[in-house]
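Data from query-v7.txt: compact mmCIF, C-alpha atoms and all ligand atoms
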```txt
# COMPACT_ATOMS: atom_id res chain seq x y z
CA MET W 1 102.10 -51.40 40.31
CA THR W 2 101.16 -54.76 41.82
CA TYR W 3 101.58 -55.89 45.43
CA ASP W 4 101.85 -59.36 46.86
CA ILE W 5 100.30 -60.03 50.30
CA LYS W 6 101.37 -62.99 52.40
CA ILE W 7 98.33 -64.27 54.27
CA PHE W 8 98.51 -66.26 57.49
CA ASN W 9 95.34 -67.68 59.08
CA GLU W 10 91.78 -67.58 57.80
CA ILE W 11 90.90 -64.01 56.79
CA ALA W 12 87.23 -63.17 56.03
CA ALA W 13 86.50 -62.90 52.30
CA GLU W 14 84.93 -59.43 52.68
CA GLY W 15 88.37 -58.15 53.68
CA LEU W 16 90.31 -59.95 50.97
CA GLN W 17 87.88 -58.61 48.37
CA ARG W 18 89.17 -55.10 49.11
CA PHE W 19 92.37 -56.02 47.26
CA ASP W 20 91.50 -55.75 43.56
CA GLN W 21 92.89 -58.57 41.44
CA ALA W 22 94.42 -56.18 38.91
CA HIS W 23 96.87 -54.85 41.53
CA TYR W 24 97.15 -57.54 44.21
CA THR W 25 98.20 -61.17 44.50
CA PHE W 26 98.14 -63.41 47.59
CA ASN W 27 101.03 -65.67 48.61
CA ALA W 28 102.56 -65.41 45.15
CA GLY W 29 106.25 -65.59 46.07
CA LYS W 30 109.02 -65.23 48.61
CA THR W 31 109.16 -61.43 48.50
CA PRO W 32 105.78 -60.24 49.77
CA ASP W 33 105.12 -56.51 50.12
CA ALA W 34 102.97 -57.01 53.20
CA ILE W 35 101.62 -59.58 55.64
CA LEU W 36 98.01 -60.00 56.73
CA LEU W 37 97.32 -62.30 59.70
CA ARG W 38 95.33 -63.08 62.82
CA SER W 39 96.97 -65.03 65.68
CA GLN W 40 99.93 -66.56 63.81
CA LYS W 41 103.06 -66.09 65.95
CA LEU W 42 105.78 -64.24 64.02
CA HIS W 43 108.44 -64.06 66.73
CA ASP W 44 110.62 -66.66 64.96
CA TYR W 45 109.82 -65.36 61.49
CA THR W 46 112.50 -63.67 59.40
CA PHE W 47 110.88 -60.81 57.53
CA PRO W 48 112.01 -60.63 53.90
CA GLU W 49 113.40 -57.16 53.10
CA SER W 50 110.47 -56.65 50.76
CA VAL W 51 107.93 -56.48 53.63
CA LEU W 52 106.67 -52.94 54.16
CA ALA W 53 103.84 -53.61 56.57
CA VAL W 54 102.10 -56.18 58.76
CA ALA W 55 98.38 -55.94 59.44
CA ARG W 56 96.81 -57.80 62.35
CA ALA W 57 93.10 -58.46 61.79
CA GLY W 58 92.42 -58.15 65.51
CA ALA W 59 93.35 -56.10 68.58
CA GLY W 60 96.32 -57.83 70.23
CA THR W 61 99.72 -57.55 68.53
CA ASN W 62 101.69 -59.66 71.03
CA ASN W 63 102.09 -62.34 68.32
CA ILE W 64 104.17 -59.87 66.26
CA PRO W 65 107.75 -58.78 67.11
CA VAL W 66 106.73 -55.13 66.96
CA GLU W 67 110.10 -53.73 68.09
CA ARG W 68 111.98 -55.73 65.47
CA CYS W 69 109.50 -54.54 62.84
CA THR W 70 110.04 -50.93 63.89
CA GLU W 71 113.83 -51.30 63.59
CA GLN W 72 113.35 -52.71 60.08
CA GLY W 73 110.95 -49.93 59.08
CA ILE W 74 107.95 -52.27 58.91
CA VAL W 75 104.69 -50.58 59.87
CA VAL W 76 102.44 -52.74 62.07
CA PHE W 77 98.67 -52.16 62.04
CA ASN W 78 95.83 -53.55 64.16
CA THR W 79 92.06 -53.08 64.07
CA PRO W 80 91.08 -51.25 67.26
CA GLY W 81 87.53 -51.94 68.38
CA ALA W 82 86.62 -54.07 65.36
CA ASN W 83 85.96 -57.21 67.42
CA ALA W 84 85.09 -55.54 70.73
CA ASN W 85 81.38 -56.32 70.56
CA ALA W 86 82.03 -60.03 69.98
CA VAL W 87 84.28 -60.23 73.05
CA LYS W 88 81.81 -58.20 75.10
CA GLU W 89 78.93 -60.57 74.27
CA LEU W 90 81.03 -63.65 75.10
CA VAL W 91 82.10 -62.18 78.45
CA LEU W 92 78.49 -61.27 79.32
CA ALA W 93 77.41 -64.82 78.37
CA ASN W 94 80.09 -66.24 80.65
CA LEU W 95 79.12 -63.95 83.51
CA LEU W 96 75.57 -65.31 83.21
CA LEU W 97 76.80 -68.91 82.89
CA SER W 98 78.91 -68.45 86.01
CA VAL W 99 75.88 -67.73 88.19
CA ARG W 100 73.33 -70.13 86.66
CA PRO W 101 74.18 -73.83 86.06
CA ILE W 102 72.50 -73.64 82.66
CA LEU W 103 74.66 -76.19 80.83
CA ALA W 104 74.60 -78.71 83.67
CA GLY W 105 70.80 -78.40 83.84
CA ALA W 106 70.38 -78.86 80.09
CA ASN W 107 72.73 -81.87 80.07
CA TRP W 108 70.82 -83.43 82.95
CA VAL W 109 67.46 -83.02 81.20
CA ASN W 110 68.88 -84.66 78.10
CA SER W 111 69.90 -87.67 80.16
CA LEU W 112 66.37 -88.32 81.47
CA THR W 113 64.34 -91.32 80.35
CA GLY W 114 60.88 -92.66 81.19
CA ASP W 115 57.37 -91.27 80.78
CA ASN W 116 57.41 -89.01 83.89
CA ILE W 117 59.98 -86.50 82.68
CA GLU W 118 57.97 -83.51 83.84
CA GLU W 119 57.74 -84.96 87.36
CA GLN W 120 61.47 -85.70 87.48
CA VAL W 121 62.18 -82.15 86.31
CA GLU W 122 60.02 -80.49 88.95
CA ALA W 123 61.38 -82.76 91.71
CA ASN W 124 65.03 -82.14 90.91
CA LYS W 125 65.31 -78.67 89.41
CA LYS W 126 66.42 -77.26 92.78
CA THR W 127 69.79 -78.89 92.09
CA PHE W 128 70.29 -76.35 89.28
CA ALA W 129 69.19 -73.19 91.05
CA GLY W 130 71.59 -70.29 90.71
CA ASN W 131 72.08 -66.62 91.51
CA GLU W 132 71.55 -63.31 89.75
CA LEU W 133 74.04 -60.76 88.49
CA GLU W 134 71.87 -57.83 89.53
CA GLY W 135 73.39 -56.03 92.51
CA LYS W 136 76.68 -57.95 92.33
CA LYS W 137 79.99 -56.11 91.95
CA LEU W 138 81.94 -56.33 88.71
CA GLY W 139 85.52 -55.06 88.47
CA VAL W 140 86.83 -54.33 84.97
CA ILE W 141 90.60 -54.11 84.52
CA GLY W 142 91.32 -52.16 81.32
CA LEU W 143 88.69 -49.75 80.02
CA GLY W 144 89.59 -49.73 76.33
CA ALA W 145 87.35 -50.78 73.44
CA ILE W 146 86.23 -54.03 75.12
CA GLY W 147 86.39 -53.18 78.82
CA SER W 148 84.37 -49.97 78.40
CA MET W 149 81.58 -51.81 76.53
CA ILE W 150 81.44 -54.52 79.18
CA ALA W 151 81.37 -51.95 81.98
CA ASN W 152 78.46 -50.08 80.36
CA ASP W 153 76.40 -53.19 79.57
CA ALA W 154 77.03 -54.83 82.96
CA TYR W 155 75.75 -51.63 84.56
CA ARG W 156 72.62 -51.91 82.38
CA LEU W 157 72.19 -55.49 83.67
CA GLY W 158 71.98 -54.03 87.17
CA MET W 159 75.54 -54.74 88.29
CA ASP W 160 77.56 -52.38 90.44
CA VAL W 161 80.56 -51.73 88.16
CA SER W 162 84.06 -50.44 88.91
CA GLY W 163 86.82 -49.90 86.37
CA TYR W 164 90.59 -49.62 86.68
CA ASP W 165 92.67 -48.16 83.85
CA PRO W 166 95.43 -45.66 84.64
CA PHE W 167 96.09 -45.08 80.93
CA VAL W 168 92.53 -44.80 79.58
CA SER W 169 92.30 -42.71 76.41
CA VAL W 170 90.16 -39.57 76.38
CA ASP W 171 88.08 -40.93 73.47
CA THR W 172 87.23 -44.11 75.36
CA ALA W 173 86.61 -42.29 78.63
CA TRP W 174 83.89 -40.24 76.91
CA ASN W 175 82.00 -43.47 76.16
CA ILE W 176 82.04 -44.86 79.68
CA SER W 177 78.85 -44.38 81.68
CA ARG W 178 79.30 -42.03 84.62
CA ARG W 179 77.66 -44.78 86.68
CA VAL W 180 80.84 -46.85 86.28
CA LYS W 181 83.00 -46.08 89.30
CA ARG W 182 86.61 -45.21 88.39
CA VAL W 183 89.03 -46.91 90.76
CA LEU W 184 92.58 -45.57 91.04
CA ASP W 185 94.00 -48.46 93.02
CA LEU W 186 93.91 -51.99 91.59
CA ASP W 187 93.93 -53.51 95.09
CA GLU W 188 90.67 -51.75 95.88
CA LEU W 189 89.01 -53.28 92.82
CA LEU W 190 90.41 -56.74 93.63
CA ALA W 191 89.16 -56.66 97.22
CA ASP W 192 85.74 -55.31 96.41
CA SER W 193 84.57 -57.28 93.35
CA ASP W 194 82.46 -60.44 93.06
CA PHE W 195 83.54 -60.80 89.42
CA ILE W 196 86.79 -59.52 87.90
CA THR W 197 87.31 -59.34 84.15
CA ILE W 198 90.61 -58.45 82.45
CA HIS W 199 90.83 -56.45 79.19
CA VAL W 200 94.40 -55.17 78.85
CA PRO W 201 97.03 -55.93 76.19
CA LEU W 202 99.77 -58.45 76.90
CA THR W 203 102.98 -56.44 77.29
CA GLU W 204 106.15 -57.11 79.27
CA LYS W 205 104.76 -54.99 82.11
CA ASN W 206 101.38 -56.73 82.12
CA HIS W 207 102.79 -60.27 82.19
CA HIS W 208 101.21 -62.02 85.21
CA LEU W 209 99.29 -58.86 86.10
CA ILE W 210 97.23 -61.24 88.22
CA GLY W 211 99.52 -63.47 90.29
CA ALA W 212 99.46 -65.00 93.76
CA ASP W 213 99.57 -61.60 95.54
CA GLU W 214 96.63 -60.22 93.56
CA LEU W 215 94.61 -63.45 93.97
CA ALA W 216 95.15 -63.25 97.74
CA LYS W 217 93.48 -59.82 97.74
CA MET W 218 90.30 -61.10 96.05
CA LYS W 219 87.22 -62.41 97.83
CA ASN W 220 87.18 -66.21 98.26
CA SER W 221 83.86 -66.16 96.41
CA ALA W 222 85.22 -64.16 93.44
CA VAL W 223 85.03 -65.34 89.83
CA LEU W 224 87.95 -64.32 87.58
CA LEU W 225 87.41 -63.97 83.82
CA ASN W 226 90.25 -63.66 81.33
CA PHE W 227 89.34 -63.02 77.71
CA ALA W 228 92.45 -60.91 77.03
CA ARG W 229 95.55 -63.16 76.98
CA GLY W 230 96.56 -66.27 78.95
CA GLU W 231 99.92 -64.87 80.10
CA LEU W 232 98.26 -61.97 81.92
CA VAL W 233 97.32 -64.42 84.65
CA ASP W 234 99.61 -66.79 86.55
CA SER W 235 97.68 -70.01 85.89
CA GLN W 236 99.52 -72.06 88.51
CA ALA W 237 98.67 -69.46 91.16
CA VAL W 238 95.03 -69.57 90.02
CA ILE W 239 94.87 -73.36 90.34
CA ARG W 240 96.39 -73.16 93.84
CA ALA W 241 93.97 -70.39 94.87
CA ILE W 242 90.94 -72.38 93.66
CA ASP W 243 92.13 -75.61 95.27
CA ASN W 244 92.75 -73.76 98.56
CA GLY W 245 89.29 -72.16 98.52
CA GLN W 246 90.66 -68.64 97.91
CA LEU W 247 88.95 -68.16 94.52
CA LYS W 248 85.61 -69.56 93.36
CA SER W 249 86.33 -70.12 89.69
CA TYR W 250 88.33 -69.06 86.63
CA ILE W 251 86.94 -68.64 83.13
CA THR W 252 89.46 -68.16 80.36
CA ASP W 253 89.61 -68.03 76.57
CA PHE W 254 93.18 -69.39 76.57
CA ALA W 255 93.91 -73.08 76.79
CA GLU W 256 96.85 -74.38 78.84
CA PRO W 257 97.23 -78.09 79.66
CA ASP W 258 97.07 -77.63 83.46
CA LEU W 259 93.83 -75.68 83.27
CA LEU W 260 91.92 -78.41 81.47
CA ARG W 261 89.49 -80.83 83.18
CA HIS W 262 89.31 -78.84 86.43
CA ASP W 263 85.71 -78.63 87.64
CA LYS W 264 86.06 -74.98 88.69
CA ILE W 265 87.86 -73.79 85.58
CA ILE W 266 86.18 -73.20 82.24
CA VAL W 267 88.51 -73.00 79.24
CA LEU W 268 87.29 -71.84 75.85
CA PRO W 269 89.23 -72.27 72.59
CA HIS W 270 90.08 -68.57 71.96
CA LEU W 271 86.54 -67.77 70.80
CA GLY W 272 86.42 -64.09 71.82
CA ALA W 273 86.53 -62.70 68.28
CA SER W 274 84.96 -65.71 66.56
CA THR W 275 81.76 -64.25 65.17
CA SER W 276 81.28 -63.68 61.48
CA GLU W 277 80.57 -60.01 62.22
CA ALA W 278 83.85 -59.50 64.10
CA GLU W 279 85.88 -61.49 61.58
CA THR W 280 84.42 -59.40 58.76
CA ASN W 281 84.97 -56.08 60.58
CA CYS W 282 88.58 -56.95 61.40
CA ALA W 283 89.38 -58.23 57.91
CA LYS W 284 87.87 -55.15 56.24
CA MET W 285 89.65 -52.71 58.55
CA ALA W 286 93.01 -54.49 58.28
CA ALA W 287 92.73 -54.70 54.47
CA SER W 288 91.81 -51.01 54.17
CA THR W 289 94.64 -49.68 56.34
CA LEU W 290 97.14 -51.94 54.58
CA LYS W 291 95.95 -50.94 51.12
CA THR W 292 96.00 -47.24 52.04
CA TYR W 293 99.57 -47.55 53.34
CA LEU W 294 100.83 -49.44 50.30
CA GLU W 295 99.12 -47.15 47.78
CA THR W 296 99.45 -43.73 49.44
CA GLY W 297 101.90 -44.06 52.36
CA ASN W 298 99.25 -42.66 54.72
CA ILE W 299 99.23 -44.36 58.13
CA LYS W 300 96.18 -44.99 60.31
CA CYS W 301 95.79 -47.44 63.23
CA SER W 302 99.47 -48.35 63.48
CA VAL W 303 100.87 -49.60 66.78
CA ASN W 304 104.46 -48.57 66.03
CA PHE W 305 104.41 -45.52 63.74
CA PRO W 306 102.54 -42.21 64.01
CA ALA W 307 99.30 -41.51 62.18
CA VAL W 308 100.05 -39.45 59.07
CA GLU W 309 97.49 -38.45 56.47
CA MET W 310 98.33 -36.13 53.58
CA VAL W 311 96.28 -35.56 50.43
CA PHE W 312 98.10 -37.25 47.54
CA ARG W 313 98.13 -34.93 44.50
CA VAL W 314 101.44 -35.45 42.70
CA PRO W 315 102.52 -38.32 40.40
CA TYR W 316 105.23 -39.52 42.84
CA ARG W 317 105.41 -39.26 46.62
CA ILE W 318 108.45 -40.11 48.74
CA ALA W 319 107.85 -41.93 52.06
CA ILE W 320 110.71 -41.97 54.59
CA ILE W 321 111.08 -43.91 57.83
CA ASN W 322 113.94 -42.63 59.94
CA ARG W 323 115.37 -42.53 63.43
CA ASN W 324 114.00 -39.58 65.38
CA VAL W 325 117.18 -37.45 65.46
CA PRO W 326 117.75 -33.68 64.97
CA ASN W 327 118.19 -32.26 61.49
CA LEU W 328 117.05 -35.30 59.51
CA ILE W 329 114.38 -33.23 57.75
CA GLY W 330 117.03 -30.59 57.04
CA ALA W 331 119.21 -33.20 55.36
CA VAL W 332 116.27 -34.47 53.29
CA THR W 333 115.14 -31.03 52.14
CA SER W 334 118.77 -30.12 51.27
CA THR W 335 118.96 -33.25 49.12
CA VAL W 336 115.75 -32.19 47.35
CA ALA W 337 117.03 -28.62 46.93
CA GLU W 338 120.37 -29.80 45.50
CA LYS W 339 118.43 -31.54 42.76
CA GLY W 340 116.48 -28.34 42.08
CA TYR W 341 113.07 -29.82 42.94
CA ASN W 342 110.18 -27.93 44.48
CA ILE W 343 108.39 -29.41 47.51
CA ASP W 344 104.60 -29.34 47.14
CA ASN W 345 103.77 -30.70 50.59
CA LEU W 346 105.53 -32.30 53.53
CA SER W 347 104.33 -34.04 56.66
CA ASN W 348 106.58 -35.30 59.44
CA ARG W 349 105.55 -37.00 62.66
CA SER W 350 107.56 -38.82 65.29
CA ARG W 351 106.71 -41.63 67.69
CA GLY W 352 109.33 -42.59 70.24
CA ASP W 353 112.68 -43.26 68.61
CA PHE W 354 111.35 -43.21 65.04
CA ALA W 355 109.70 -40.74 62.68
CA TYR W 356 107.81 -40.86 59.41
CA THR W 357 107.86 -38.31 56.63
CA LEU W 358 105.77 -37.92 53.51
CA LEU W 359 107.25 -35.66 50.87
CA ASP W 360 105.33 -34.59 47.77
CA ILE W 361 107.36 -32.98 45.00
CA ASN W 362 105.86 -31.39 41.94
CA ASP W 363 106.12 -33.27 38.68
CA LEU W 364 108.76 -35.93 39.30
CA THR W 365 109.28 -38.59 36.66
CA ALA W 366 109.72 -42.23 37.70
CA GLU W 367 113.45 -41.96 37.08
CA GLN W 368 113.82 -38.75 39.11
CA ALA W 369 111.79 -40.24 41.97
CA GLN W 370 114.02 -43.32 42.04
CA SER W 371 117.21 -41.25 41.96
CA LEU W 372 115.94 -39.11 44.87
CA VAL W 373 115.09 -42.29 46.83
CA ASP W 374 118.63 -43.57 46.22
CA ASP W 375 120.15 -40.32 47.52
CA ILE W 376 117.91 -40.11 50.61
CA ARG W 377 118.71 -43.76 51.41
CA GLN W 378 122.39 -42.75 51.79
CA LEU W 379 121.58 -40.24 54.57
CA ASP W 380 122.45 -41.21 58.16
CA ASN W 381 119.55 -42.49 60.25
CA VAL W 382 117.26 -43.22 57.29
CA VAL W 383 115.82 -46.71 57.83
CA ARG W 384 113.63 -47.05 54.80
CA VAL W 385 112.58 -44.93 51.85
CA ARG W 386 110.32 -45.60 48.89
CA ALA W 387 108.69 -43.73 46.05
CA ILE W 388 104.95 -44.27 45.68
CA LYS W 389 103.31 -43.80 42.31
CA HIS W 390 99.94 -42.02 42.46
CA PRO W 391 97.24 -44.57 41.51
CA THR W 392 95.86 -42.43 38.65
CA LEU W 393 97.92 -39.24 38.11
CA GLU W 394 100.45 -39.58 35.29
CA GLU W 395 103.85 -37.89 35.29
CA ALA W 396 104.09 -34.60 33.34
N1 LIG T 1 89.75 -63.37 73.31
C1 LIG T 1 89.89 -62.76 72.14
O1 LIG T 1 89.68 -63.34 71.09
C2 LIG T 1 90.29 -61.32 72.10
C3 LIG T 1 89.69 -60.47 71.14
C4 LIG T 1 90.06 -59.13 71.14
C5 LIG T 1 91.02 -58.66 72.03
N2 LIG T 1 91.58 -59.52 72.92
C6 LIG T 1 92.61 -59.04 73.87
O2 LIG T 1 92.03 -58.00 74.64
C7 LIG T 1 92.96 -56.94 74.74
C8 LIG T 1 92.21 -55.64 74.92
O3 LIG T 1 91.49 -55.35 73.73
P1 LIG T 1 90.83 -53.91 73.49
O4 LIG T 1 90.30 -53.95 72.11
O5 LIG T 1 89.93 -53.53 74.60
O6 LIG T 1 92.16 -53.01 73.53
P2 LIG T 1 92.28 -51.45 73.86
O7 LIG T 1 93.65 -51.06 73.45
O8 LIG T 1 91.13 -50.70 73.30
O9 LIG T 1 92.17 -51.37 75.46
C9 LIG T 1 93.15 -51.81 76.32
C10 LIG T 1 93.09 -50.94 77.57
O10 LIG T 1 93.92 -51.51 78.58
C11 LIG T 1 94.49 -50.44 79.30
N3 LIG T 1 95.63 -50.94 80.07
C12 LIG T 1 96.86 -51.29 79.62
N4 LIG T 1 97.60 -51.78 80.64
C13 LIG T 1 96.81 -51.72 81.75
C14 LIG T 1 97.00 -52.08 83.09
N5 LIG T 1 98.15 -52.59 83.53
N6 LIG T 1 95.98 -51.90 83.96
C15 LIG T 1 94.81 -51.37 83.56
N7 LIG T 1 94.56 -51.00 82.28
C16 LIG T 1 95.56 -51.19 81.39
C17 LIG T 1 94.82 -49.40 78.23
O11 LIG T 1 94.96 -48.11 78.81
C18 LIG T 1 93.60 -49.51 77.33
O12 LIG T 1 92.60 -48.56 77.70
C19 LIG T 1 93.78 -57.02 73.44
O13 LIG T 1 95.07 -56.46 73.61
C20 LIG T 1 93.85 -58.51 73.18
O14 LIG T 1 94.99 -59.07 73.80
C21 LIG T 1 91.25 -60.85 72.98
O1 LIG T 2 91.68 -63.64 65.43
C1 LIG T 2 91.17 -64.14 66.42
O2 LIG T 2 90.36 -65.07 66.39
C2 LIG T 2 91.48 -63.61 67.81
C3 LIG T 2 91.80 -62.15 67.85
C4 LIG T 2 92.02 -61.61 69.24
O3 LIG T 2 92.82 -62.41 70.03
C5 LIG T 2 92.50 -60.19 69.20
O4 LIG T 2 93.49 -59.86 69.86
O5 LIG T 2 91.86 -59.39 68.51
```
Rewrite the coordinates I just gave you, this time as structure tokens.
Ligand SMILES: NC(=O)c1ccc[n+]([C@@H]2O[C@H](COP(=O)([O-])OP(=O)(O)OC[C@H]3O[C@@H](n4cnc5c(N)ncnc54)[C@H](O)[C@@H]3O)[C@@H](O)[C@H]2O)c1
Ligand SMILES: O=C(O)CC[C@@H](O)C(=O)O
Amino acid sequence: MTYDIKIFNEIAAEGLQRFDQAHYTFNAGKTPDAILLRSQKLHDYTFPESVLAVARAGAGTNNIPVERCTEQGIVVFNTPGANANAVKELVLANLLLSVRPILAGANWVNSLTGDNIEEQVEANKKTFAGNELEGKKLGVIGLGAIGSMIANDAYRLGMDVSGYDPFVSVDTAWNISRRVKRVLDLDELLADSDFITIHVPLTEKNHHLIGADELAKMKNSAVLLNFARGELVDSQAVIRAIDNGQLKSYITDFAEPDLLRHDKIIVLPHLGASTSEAETNCAKMAASTLKTYLETGNIKCSVNFPAVEMVFRVPYRIAIINRNVPNLIGAVTSTVAEKGYNIDNLSNRSRGDFAYTLLDINDLTAEQAQSLVDDIRQLDNVVRVRAIKHPTLEEA
């Protein structure tokens, strides 16, 4: 069996190397089995029927039409946490840059001429004096992989840290220092913080999470950092708040024309995950989950289908994506029974309106597996079904 992967964007070689050349090609034709990408927007993309999965080498999946993929039985993966450290370090660097005019000072020194540079430096350095982060209040919105790391490290830098995340996962909560104060009301965090940093996904609900009303609740001296997604913040409201003296500054990783060349706004070119370590981690994780899904049907780190892992020990496995309705499994097992086959193992999990089933049957031949797939495909509410050949086991 060979698979073709359509690649968008620059994916780190360490990830691509996980696809062995004997079984994988890249961008070979118009019917790819899967897509591997970073920030490429797929909202206007028509997925060929051949596409089984999309893997995002990164955290955010707002560039992928996840709902449409789900309807088409396309499993979407991301790489939770794989670039969190890179974003954390960039946010900490920007917190430090926001209190010390380091770049302005360095630029000024470079502009000096004459043979009394040391004298000029000592006479003028007061122009570039700054403040310290220690003792200042940091509010973190979203305590997932990135927000929790920032909260912990900012506390270690001596900051007084609060976090707001009504949906925080138990796993992440375990990793957050008990010194980080959990705030249940966003308004409290907004009113209390000297620095506010956002680390939530862009969803319909989170669009303009920070707008004019929220900005009005912040201190006039507050610094707002956005390394999550541009659309989480109403940029026009931010510009108005800064120009009216209601916000000190805005630092964002997302370029928009109106934000550029404003002396109190720093815009970076989406650099959050741009370290070789993060790019490698994301590429390796995305490649592994994709490969596992294609070769075994097992699902891990999907944003639209449930995690399912079942030991693969028969020559052919049947993988079924279906609408989550009563008696679908009954219909599938009846189809198997009518053919006189014996089920070795079965796993079924649902997520929202859809469900995923792995079905291992003893000793199917390729022909029998295909005929079973054809019959199951005819059942109501089945969205997608395929037979997966075990990588090494041969049919009896
Ligand atoms: N700048 C970059 O290059 C870069 C890199 C990585 C991630 N990101 C962005 O950062 C986002 C967060 O990444 P992560 O890895 O921490 O994701 P994550 O899923 O681990 O954490 C997100 C957290 O936000 C919380 N949340 C959701 N809606 C919320 C709300 N309205 N208020 C408070 N909390 C809310 C969730 O409960 C979750 O704990 C990603 O979705 C992506 O958009 C940007
Ligand atoms: O691939 C990138 O450079 C950015 C990824 C980042 O936005 C993410 O959501 O993980």
Exercise. All residues within 7 Å of ligand LIG 2 (chain T) are required, counting all atoms listed in the file; please report them as a ChimeraX atom specification.
Key: /W:38-39,57-61,83,270-274
Quiz item: Can you tell me which residues sit at most 7 Å away from ligand LIG 1 (chain T), counting only C-alpha atoms and all ligand atoms, written as a PyMOL selection string?
Solution: chain W and resi 58-61+80-81+83-84+87+141-147+164-169+199-202+206+209+227-229+253+270-274
Segment 197-290 of chain W near segment 16-22 of chain W within 10 Å: what's each residue's closest atom pair and its distance in Å to one decimal, counting all atoms listed in the file, ordered by chain then ascending residue number, as a Markdown table?
```
| residue | atom | partner | partner_atom | distance |
| --- | --- | --- | --- | --- |
| W:Thr280 | CA | W:Leu16 | CA | 9.8 |
| W:Ala283 | CA | W:Leu16 | CA | 7.2 |
| W:Lys284 | CA | W:Arg18 | CA | 7.2 |
| W:Met285 | CA | W:Arg18 | CA | 9.7 |
| W:Ala286 | CA | W:Leu16 | CA | 9.5 |
| W:Ala287 | CA | W:Arg18 | CA | 6.4 |
| W:Ser288 | CA | W:Arg18 | CA | 7.0 |
| W:Leu290 | CA | W:Phe19 | CA | 9.6 |
```
Once you have the residues from the selection above, write them out as a short mmCIF file (atom, residue, chain, number, x, y, z; two decimals), in the frame of the given file, restricted to C-alpha atoms.
```cif
data_model
loop_
_atom_site.label_atom_id
_atom_site.label_comp_id
_atom_site.auth_asym_id
_atom_site.auth_seq_id
_atom_site.Cartn_x
_atom_site.Cartn_y
_atom_site.Cartn_z
CA THR W 280 84.42 -59.40 58.76
CA ALA W 283 89.38 -58.23 57.91
CA LYS W 284 87.87 -55.15 56.24
CA MET W 285 89.65 -52.71 58.55
CA ALA W 286 93.01 -54.49 58.28
CA ALA W 287 92.73 -54.70 54.47
CA SER W 288 91.81 -51.01 54.17
CA LEU W 290 97.14 -51.94 54.58
#
```
Practice problem: In the coordinates of the file, take the point (98.0, -68.0, 44.6) and a cut-off of 12 Å; then, counting only C-alpha atoms, name each qualifying protein, DNA or RNA residue as a VMD selection string. | Solution: chain W and resid 4 to 7 21 24 to 29
Exercise. Excluding segment 390-396 of chain W and any residue of its chain fewer than 5 positions from it, enumerate the residues within 8 Å of it, using only C-alpha atoms, and give them as an NGL selection string.
Key: :W and (295-296 or 312-317 or 363-366)
Self-check item: For Glu67 of chain W, the nearest of the candidates W:Ile117, W:Ala216, W:Leu36, W:Val303, counting all atoms listed in the file
Solution: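 Of all the options, W:Val303 lies closest to Glu67 of chain W.
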Self-check item: Å distance separating atom CA of Leu190 of chain W from atom CA of Glu214 of chain W, one decimal place
Solution: 7.1 Å
Practice problem: Mind checking which residues fall within 8 Å of Val238 of chain W, counting only C-alpha atoms, ignoring those fewer than 6 positions away in the same chain, and posting them as an MDAnalysis selection string? | Solution: chainID W and resid 211:212 215 247 250
Practice problem: Find, counting all atoms listed in the file, the residue in W:Leu90, W:Leu37, W:Ala154, W:Leu95 that gets nearest to Leu224 of chain W. | Solution: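 Looking only at the distances to Leu224 of chain W, the closest residue turns out to be W:Leu95.
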Exercise. Could you check how far atom CA of Met218 of chain W sits from atom CA of Ser193 of chain W, in Å to one decimal?
Key: 7.4 Å
Exercise. Find the distance between atom CA of Gly340 of chain W and atom CA of Val382 of chain W and write it in Å to one decimal.
Key: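 So the answer is 21.3 Å.
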Self-check item: Best match for closeness to Pro306 of chain W among W:Ile210, W:Val75, W:Ile343, W:Ala82, counting all atoms listed in the file
Solution: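 Checking each candidate against Pro306 of chain W, we get W:Val75 as the closest.
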Quiz item: Taking into account only C-alpha atoms, which residue in the set W:Leu232, W:Met310, W:Ile376, W:Leu42 is nearest to Ala331 of chain W?
Solution: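 Between W:Leu232, W:Met310, W:Ile376, W:Leu42, the residue approaching Ala331 of chain W most closely is W:Ile376.
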Polymer residues at most 9 Å from Gly163 of chain W, only C-alpha atoms, same-chain spacing of 5 or more positions, as a CSV table (one decimal) with C-alpha atoms, keeping the file's coordinate frame:
```
chain,number,residue,atom,x,y,z
W,138,LEU,CA,81.9,-56.3,88.7
W,139,GLY,CA,85.5,-55.1,88.5
W,140,VAL,CA,86.8,-54.3,85.0
W,141,ILE,CA,90.6,-54.1,84.5
W,142,GLY,CA,91.3,-52.2,81.3
W,143,LEU,CA,88.7,-49.8,80.0
W,147,GLY,CA,86.4,-53.2,78.8
W,148,SER,CA,84.4,-50.0,78.4
W,151,ALA,CA,81.4,-52.0,82.0
W,180,VAL,CA,80.8,-46.8,86.3
W,181,LYS,CA,83.0,-46.1,89.3
W,182,ARG,CA,86.6,-45.2,88.4
W,183,VAL,CA,89.0,-46.9,90.8
W,184,LEU,CA,92.6,-45.6,91.0
W,189,LEU,CA,89.0,-53.3,92.8
```
Quiz item: Of the residues W:Thr46, W:Gln236, W:Asn94, W:Ser302, which is the one nearest to Val223 of chain W, using only C-alpha atoms?
Solution: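 Checking each candidate against Val223 of chain W, we get W:Asn94 as the closest.
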Practice problem: For Tyr356 of chain W, list every protein, DNA or RNA residue within 10 Å, evaluated using all atoms listed in the file, and leave out those in the same chain fewer than 6 positions away; present the list as a PyMOL selection string. | Solution: chain W and resi 73+297-299+305-308+319-324+347-350+382+384-385
